[in-house]
Amino acid sequence: MNAVTTVIIGAGHAALAMSRCLAGRGIDHVLLERGEVAQSWRTERWDSLRLLTPNWQSRLPGFSYTGNDPDGYRTLPEVVDFIAGYAKWIAAPVRTHTTVTAVRNDGAGYLVRTDRGDWRCRTVVIAAGACNIARVPAFAAHIPPSVATLTAQSYRNSAQVADGGVLVVGASSSGTQIAQELQRSGRQVTLAVGEHIRAPRVYRGKDLEWWMDAAGVLDERYDQIDDITRARRVPSLQLAGTPDRSTLDLNALSAIGVKLTGRLAGITQDGKAQFSGSLRNMCAMSDLKMRRLLELLDEWARANGVDGTVGPPDRLPPTRVEDAPALGMDLVKSGIRTIVWASGYRPDYSWLELPVLDRKGYVTHDGGVVSAPGVYLMGMQFLRRRKSALIDGAGDDARDLSAHLAAYLDNAAPRLSA
Amino acid sequence: MADSSTAKNGVNVQALLDARDALTKAPAAAQFKWRAACEWKNGTHSHSTVESFYGLGAEQNRKTTFNFNADHPEVFASEDKGATPVEFVLVGLASCLTAGIAAVAQNRNIQLKSVTATIEGDMDIAGILGIDSEVRNGFKGITVKYKIDADAKPEDIEALVAQSQKRSAVYDIVTNPTNVTVLVN
C-alpha cells in the first residue's frame, strides 16, 4: 500500500497544472495515468487535428509558448510534445501505465485502487478528462449492417472510410472538420446539424480567441452566469485551426458540396434516417448567437480604445439553408457507407465508487469542489470559468482549487505519513 | 359500390370518391394551405382562430370562425383558460383518426354504432423546463385506445382502424419530421 497526500487521476494538461500548483504549496502527490502523458491526444484524436486555440494561448502555470509562430495552431504531435514537455519541465510525479480501477472512501481518507497497486490518500483530484466515451444514441442499433460506424474518437483519416456516402452527425468543431476532410477526399458527405455555435476564425483582423481573451469572455466565472447548467452544455465553438485561418462554417461546407440536414432524430427499424425539420431554426439561432458575440466584442473595443487599432466591424452572411432540406434518408439506397458520430462525449466514471454522481452519471460539484470532502474535479466544460476546458483555462482553475485543497488539509486531520 | 351501401355513418363517401377522381385529373387543385392565427392574451393564455384556407385552386371561407383558447393548468401557475397546446395535438390526432374510421367504414359498408377513443401522451417535462437537454420536448409516446361497436368482425374493425392511420394527416404529422420555418416581423 502506497500513501500520499493527494492522488491526481490523469496526466493531461489539467492534471499537470494541478500538479504544478500542489508542488508550489509543498503538497506531496502522484499522478496516476492509464497510458502516457497526454494519452487522449495520442490515441483518441484524428490525424489532421490542430488545436482550436492559437499557440500564444496555450499557457500553463509557469509555462508558455516561446516559438516564432504565436498565431499558428498546434498540430496533434505538437500538442503532445507541448504537454509532455510541460510534464518534464515541472518534473511531474507521473506513474504511467497505471489504470485506476476504483476510488472509495476508506474512513480516514480515500483508497485508490489501480492495476499496479493501491494508494491511500487524503485528497483526490479527478482530472481524467471530459471526453472518455463518444455519445452514440440508442437508435444506432438500427443502422443497417452494410453501414460502418466511426466516432470522432475512433476516426483517424479518410483512408479508414469506404468510398461512397458518409453521414456525419453533429456540426460542432469535430463534425464540421471531419465533414470537410471527407468531402474533400471525394466522398459525398451529409451533415446532420443540431445545436451549434458559429464563429468567424478571424474577426476585424484578430483571431476570435484573441477577442474573447482580451474582452474577458473566457474569464467569465461559473458563479456569475445566469444558468450554469445550460452554459456547461453549450457545444464547442464551430472553429478549426488551419494554416490559412479560414472560417469553417456551414456555408463553407455547403460551398464544397456537403449536404446539410436537420438533427438526426432517429433511425427506423428498416434503416431510414429521420432528420428533424429544425435546420432553419438551428441555423438562425446560431447566426443570432454569433451576431450577439460580435456585438459584445465591438462594444468592448469601443469602450476600451481598441476600435482604431483593428479592422472595421463586419458580419458574415446568414447561413444558407436550402428550401426543403431532406427529412428522411434510406441509408442503404442513398449510398451511405459510413456514419461518423460527432455528437459529443461523456466522461467515464465507472471506477468512481463515491456517492457523488448525479442521476445522469456526472460528478456533482461547485466550481470543481466535489460534494465528497477533499475531492476535486478538473478539466471539465465551464468548471470555474468559460475557458476551463481549454489548455489556457487549467492554470487559473488549478490555482483556485489547489488553494481550496490546501485549506481543506489544514483544517482536517493531520496528513498521512508515507 | 356506394349505391349498394346499407351503412349509414353520415359520411358522403361518393363525394370523397368523386373528389379523388377530379383531383387526380387536376393535381394543382389538391394543393391546400391550412391556416390558423394566434394572438397572445396574457400569461400563457392565447386565443387562436381558424377561418380561411386555400384549396381547390381558390381561397375558401368557413361558415363560421372557429375559436380556440389555449392555456396551461394551475399546476403550472397558469389560469387554465384553455387546453394546453399539446392537448390540442392529442385532440387533433384522435379526431383525425376518428373521422378516418367513419369514412373508411362507410366505404367498406360497415355500420358503426359507437366509436370512442381515449388518447394519452407521455411527456417528461424535464425537456421543456430545460432541466435535461437529452429529454425531448415532445411526447415520449402516444397511446390511442379505441372502443368500437360495429356490425363487423373484430378483424374487420382492426383493419378499419389500421386503414384510418394510413390515411390520417395528423398521424403522419406526429410520426414524421416536418420542415418548420418560423419568421419574425
# chains A, B, ... in the order shown; residues from 1 in each chain; ligands from 1
>>> closest_atom_pairs(of="chain A", to="chain B", cutoff="9 Å", atoms="only C-alpha atoms", output="tab-separated table")
residue	atom	partner	partner_atom	distance
A:Thr229	CA	B:Ile131	CA	8.3
A:Arg230	CA	B:Gly130	CA	7.9
A:Arg233	CA	B:Ser133	CA	8.2
A:Gly262	CA	B:Asn179	CA	8.7
A:Ala265	CA	B:Pro177	CA	8.4
A:Gln274	CA	B:Pro177	CA	7.0
A:Phe275	CA	B:Pro177	CA	6.6
A:Ser276	CA	B:Pro177	CA	5.5
A:Gly277	CA	B:Asn179	CA	3.7
A:Ser278	CA	B:Val180	CA	6.2
A:Leu279	CA	B:Asn179	CA	7.8
A:Arg280	CA	B:Thr181	CA	6.4
A:Asn281	CA	B:Thr181	CA	6.9
A:Ala324	CA	B:Asn179	CA	6.9
A:Pro325	CA	B:Asn179	CA	7.4
A:Ala326	CA	B:Asn179	CA	8.6
A:Leu327	CA	B:Pro177	CA	6.1
A:Gly328	CA	B:Pro177	CA	8.0
>>> residues_around(residues="region 160-163 of chain A", least_positions_apart="3", cutoff="10 Å", atoms="only C-alpha atoms", output="ChimeraX atom specification")
/A:147-150,154-157,166,182,185-188,335-340
>>> write_last_selection(atoms="C-alpha atoms", output="PDB file, in the first residue's frame")
ATOM      1  CA  VAL A 147     -23.047   0.772 -42.988  1.00  0.00           C
ATOM      2  CA  ALA A 148     -19.813   1.157 -40.998  1.00  0.00           C
ATOM      3  CA  THR A 149     -19.753   3.417 -37.959  1.00  0.00           C
ATOM      4  CA  LEU A 150     -16.975   5.544 -36.509  1.00  0.00           C
ATOM      5  CA  SER A 154     -12.118   6.482 -33.499  1.00  0.00           C
ATOM      6  CA  TYR A 155     -11.891   8.451 -36.787  1.00  0.00           C
ATOM      7  CA  ARG A 156      -8.253   8.926 -37.879  1.00  0.00           C
ATOM      8  CA  ASN A 157      -8.303   9.853 -41.575  1.00  0.00           C
ATOM      9  CA  VAL A 166     -20.899   9.456 -45.414  1.00  0.00           C
ATOM     10  CA  LEU A 182     -14.177  13.568 -46.024  1.00  0.00           C
ATOM     11  CA  SER A 185     -11.428  13.283 -50.117  1.00  0.00           C
ATOM     12  CA  GLY A 186     -14.113  12.735 -52.768  1.00  0.00           C
ATOM     13  CA  ARG A 187     -16.887  11.261 -50.651  1.00  0.00           C
ATOM     14  CA  GLN A 188     -20.382  12.743 -50.618  1.00  0.00           C
ATOM     15  CA  GLY A 335     -25.443   5.047 -50.759  1.00  0.00           C
ATOM     16  CA  ILE A 336     -24.405   5.819 -47.198  1.00  0.00           C
ATOM     17  CA  ARG A 337     -21.480   3.534 -46.394  1.00  0.00           C
ATOM     18  CA  THR A 338     -20.290   5.148 -43.179  1.00  0.00           C
ATOM     19  CA  ILE A 339     -21.764   7.086 -40.279  1.00  0.00           C
ATOM     20  CA  VAL A 340     -19.412   9.216 -38.175  1.00  0.00           C
TER      21      VAL A 340
END
>>> select_by_dssp(residues="region 46-79 of chain A", states="alpha helix (DSSP H)", output="list of chain:residue names")
A:Leu76, A:Pro77, A:Glu78, A:Val79
>>> write_last_selection(atoms="all heavy atoms", output="PDB file, in the first residue's frame")
ATOM      1  N   LEU A  76      -1.415  17.917 -33.938  1.00  0.00           N
ATOM      2  CA  LEU A  76      -1.557  16.908 -32.888  1.00  0.00           C
ATOM      3  C   LEU A  76      -0.205  16.522 -32.254  1.00  0.00           C
ATOM      4  O   LEU A  76      -0.081  16.554 -31.022  1.00  0.00           O
ATOM      5  CB  LEU A  76      -2.273  15.696 -33.487  1.00  0.00           C
ATOM      6  CG  LEU A  76      -2.908  14.700 -32.538  1.00  0.00           C
ATOM      7  CD1 LEU A  76      -3.812  15.372 -31.532  1.00  0.00           C
ATOM      8  CD2 LEU A  76      -3.703  13.693 -33.359  1.00  0.00           C
ATOM      9  N   PRO A  77       0.828  16.185 -33.056  1.00  0.00           N
ATOM     10  CA  PRO A  77       2.123  15.857 -32.422  1.00  0.00           C
ATOM     11  C   PRO A  77       2.692  17.026 -31.615  1.00  0.00           C
ATOM     12  O   PRO A  77       3.326  16.817 -30.577  1.00  0.00           O
ATOM     13  CB  PRO A  77       3.037  15.531 -33.614  1.00  0.00           C
ATOM     14  CG  PRO A  77       2.109  15.199 -34.745  1.00  0.00           C
ATOM     15  CD  PRO A  77       0.863  15.991 -34.526  1.00  0.00           C
ATOM     16  N   GLU A  78       2.434  18.245 -32.090  1.00  0.00           N
ATOM     17  CA  GLU A  78       2.925  19.412 -31.342  1.00  0.00           C
ATOM     18  C   GLU A  78       2.197  19.580 -30.010  1.00  0.00           C
ATOM     19  O   GLU A  78       2.797  20.018 -29.026  1.00  0.00           O
ATOM     20  CB  GLU A  78       2.781  20.686 -32.194  1.00  0.00           C
ATOM     21  CG  GLU A  78       3.781  20.741 -33.339  1.00  0.00           C
ATOM     22  CD  GLU A  78       3.470  21.827 -34.379  1.00  0.00           C
ATOM     23  OE1 GLU A  78       2.361  22.406 -34.346  1.00  0.00           O
ATOM     24  OE2 GLU A  78       4.330  22.073 -35.237  1.00  0.00           O
ATOM     25  N   VAL A  79       0.914  19.227 -29.985  1.00  0.00           N
ATOM     26  CA  VAL A  79       0.165  19.293 -28.722  1.00  0.00           C
ATOM     27  C   VAL A  79       0.757  18.284 -27.736  1.00  0.00           C
ATOM     28  O   VAL A  79       1.004  18.592 -26.567  1.00  0.00           O
ATOM     29  CB  VAL A  79      -1.343  18.986 -28.936  1.00  0.00           C
ATOM     30  CG1 VAL A  79      -2.083  18.970 -27.601  1.00  0.00           C
ATOM     31  CG2 VAL A  79      -1.976  20.000 -29.879  1.00  0.00           C
TER      32      VAL A  79
END
>>> atom_distance(atom1="CA of Leu390 (chain A)", atom2="CA of Ser58 (chain A)")
8.1 Å
>>> atom_distance(atom1="CA of Ala36 (chain B)", atom2="CA of Tyr54 (chain B)")
11.9 Å
>>> residues_around(residues="Gln183 (chain A)", least_positions_apart="2", cutoff="10 Å", atoms="only C-alpha atoms", output="ChimeraX atom specification")
/A:158,165-166,177-181,185-190,253,256-259
>>> write_last_selection(atoms="N, CA, C and O atoms", output="short mmCIF file (atom, residue, chain, number, x, y, z; two decimals), in the first residue's frame")
data_model
loop_
_atom_site.label_atom_id
_atom_site.label_comp_id
_atom_site.auth_asym_id
_atom_site.auth_seq_id
_atom_site.Cartn_x
_atom_site.Cartn_y
_atom_site.Cartn_z
N SER A 158 -9.27 9.79 -43.81
CA SER A 158 -10.25 9.34 -44.80
C SER A 158 -9.94 7.93 -45.32
O SER A 158 -10.84 7.27 -45.85
N GLY A 165 -21.02 7.37 -49.80
CA GLY A 165 -21.61 8.42 -48.98
C GLY A 165 -21.27 8.28 -47.51
O GLY A 165 -21.06 7.17 -47.00
N VAL A 166 -21.17 9.43 -46.85
CA VAL A 166 -20.90 9.46 -45.41
C VAL A 166 -21.94 10.37 -44.75
O VAL A 166 -22.23 11.45 -45.26
N GLN A 177 -15.15 19.66 -39.07
CA GLN A 177 -13.81 19.36 -39.59
C GLN A 177 -13.77 18.01 -40.29
O GLN A 177 -13.17 17.86 -41.36
N ILE A 178 -14.41 17.01 -39.69
CA ILE A 178 -14.41 15.68 -40.29
C ILE A 178 -15.22 15.71 -41.59
O ILE A 178 -14.82 15.12 -42.61
N ALA A 179 -16.33 16.44 -41.60
CA ALA A 179 -17.15 16.55 -42.81
C ALA A 179 -16.34 17.18 -43.93
O ALA A 179 -16.36 16.73 -45.09
N GLN A 180 -15.60 18.23 -43.62
CA GLN A 180 -14.79 18.91 -44.64
C GLN A 180 -13.72 17.97 -45.19
O GLN A 180 -13.53 17.87 -46.41
N GLU A 181 -13.04 17.27 -44.29
CA GLU A 181 -11.96 16.38 -44.73
C GLU A 181 -12.50 15.26 -45.62
O GLU A 181 -11.90 14.94 -46.66
N SER A 185 -12.04 14.54 -49.69
CA SER A 185 -11.43 13.28 -50.12
C SER A 185 -12.25 12.62 -51.22
O SER A 185 -11.91 11.52 -51.67
N GLY A 186 -13.34 13.26 -51.64
CA GLY A 186 -14.11 12.73 -52.77
C GLY A 186 -15.37 11.99 -52.38
O GLY A 186 -16.08 11.47 -53.23
N ARG A 187 -15.67 11.94 -51.09
CA ARG A 187 -16.89 11.26 -50.65
C ARG A 187 -18.02 12.28 -50.51
O ARG A 187 -17.76 13.43 -50.16
N GLN A 188 -19.25 11.83 -50.81
CA GLN A 188 -20.38 12.74 -50.62
C GLN A 188 -20.79 12.71 -49.15
O GLN A 188 -21.18 11.67 -48.63
N VAL A 189 -20.67 13.86 -48.53
CA VAL A 189 -20.97 13.94 -47.10
C VAL A 189 -22.31 14.63 -46.87
O VAL A 189 -22.61 15.65 -47.49
N THR A 190 -23.12 14.03 -46.01
CA THR A 190 -24.32 14.67 -45.48
C THR A 190 -24.03 14.98 -44.01
O THR A 190 -23.53 14.12 -43.28
N LEU A 253 -18.97 24.66 -45.82
CA LEU A 253 -19.19 23.24 -46.14
C LEU A 253 -20.15 23.09 -47.31
O LEU A 253 -19.93 22.26 -48.20
N ILE A 256 -18.47 23.47 -50.71
CA ILE A 256 -17.69 22.36 -51.29
C ILE A 256 -18.57 21.13 -51.54
O ILE A 256 -18.07 20.07 -51.92
N GLY A 257 -19.88 21.27 -51.31
CA GLY A 257 -20.79 20.19 -51.69
C GLY A 257 -21.37 19.36 -50.58
O GLY A 257 -22.11 18.41 -50.83
N VAL A 258 -21.04 19.70 -49.34
CA VAL A 258 -21.63 18.96 -48.21
C VAL A 258 -23.12 19.30 -48.15
O VAL A 258 -23.51 20.45 -48.30
N LYS A 259 -23.95 18.25 -47.98
CA LYS A 259 -25.40 18.47 -47.86
C LYS A 259 -25.76 18.61 -46.39
O LYS A 259 -25.31 17.82 -45.56
#
>>> residues_around(residues="Leu354 (chain A)", least_positions_apart="2", cutoff="7 Å", atoms="only C-alpha atoms", output="number ranges by chain")
A: 104-105, 352, 356
>>> write_last_selection(atoms="C-alpha atoms", output="short mmCIF file (atom, residue, chain, number, x, y, z; two decimals), in the first residue's frame")
data_model
loop_
_atom_site.label_atom_id
_atom_site.label_comp_id
_atom_site.auth_asym_id
_atom_site.auth_seq_id
_atom_site.Cartn_x
_atom_site.Cartn_y
_atom_site.Cartn_z
CA ARG A 104 -13.57 4.71 -2.49
CA ASN A 105 -13.80 6.27 0.94
CA LEU A 352 -15.62 6.07 -9.07
CA VAL A 356 -21.05 11.98 -5.88
#
>>> select_by_dssp(residues="region 25-158 of chain B", states="strand (DSSP E)", output="JSON, numbers by chain")
{"B": [37, 38, 39, 40, 41, 42, 45, 46, 47, 48, 49, 50, 51, 52, 53, 54, 55, 58, 59, 60, 61, 62, 63, 64, 65, 66, 67, 68, 69, 70, 112, 113, 114, 115, 116, 117, 118, 119, 120, 121, 122, 141, 142, 143, 144, 145, 146, 147, 148, 149, 150]}
>>> residues_around(residues="Pro243 (chain A)", least_positions_apart="5", cutoff="12 Å", atoms="only C-alpha atoms", output="list of chain:residue names")
A:Ser48, A:Leu49, A:Arg50, A:Leu51, A:Leu52, A:Pro54, A:Asn55, A:Asp69, A:Asp71, A:Gly72, A:Tyr73, A:Arg74, A:Thr75, A:Arg201
>>> residues_around(residues="region 114-129 of chain B", least_positions_apart="5", cutoff="10 Å", atoms="only C-alpha atoms", output="list in words")
Val86, Glu87, Val89, Leu90, Val91, Leu93, Ala94, Ser95, Leu97, Thr98, Ile101, Ala102, Glu134, Val135, Arg136, Asn137, Gly138, Phe139, Lys140, Gly141, Ile142, Thr143, Val144, Lys145, Tyr146, Lys147, Ile148, Asp149 and Ala150 of chain B
>>> residues_around(residues="region 113-123 of chain A", least_positions_apart="5", cutoff="9 Å", atoms="only C-alpha atoms", output="count of residues only")
29
>>> atom_distance(atom1="CA of Gly57 (chain B)", atom2="CA of Asp18 (chain B)")
16.7 Å
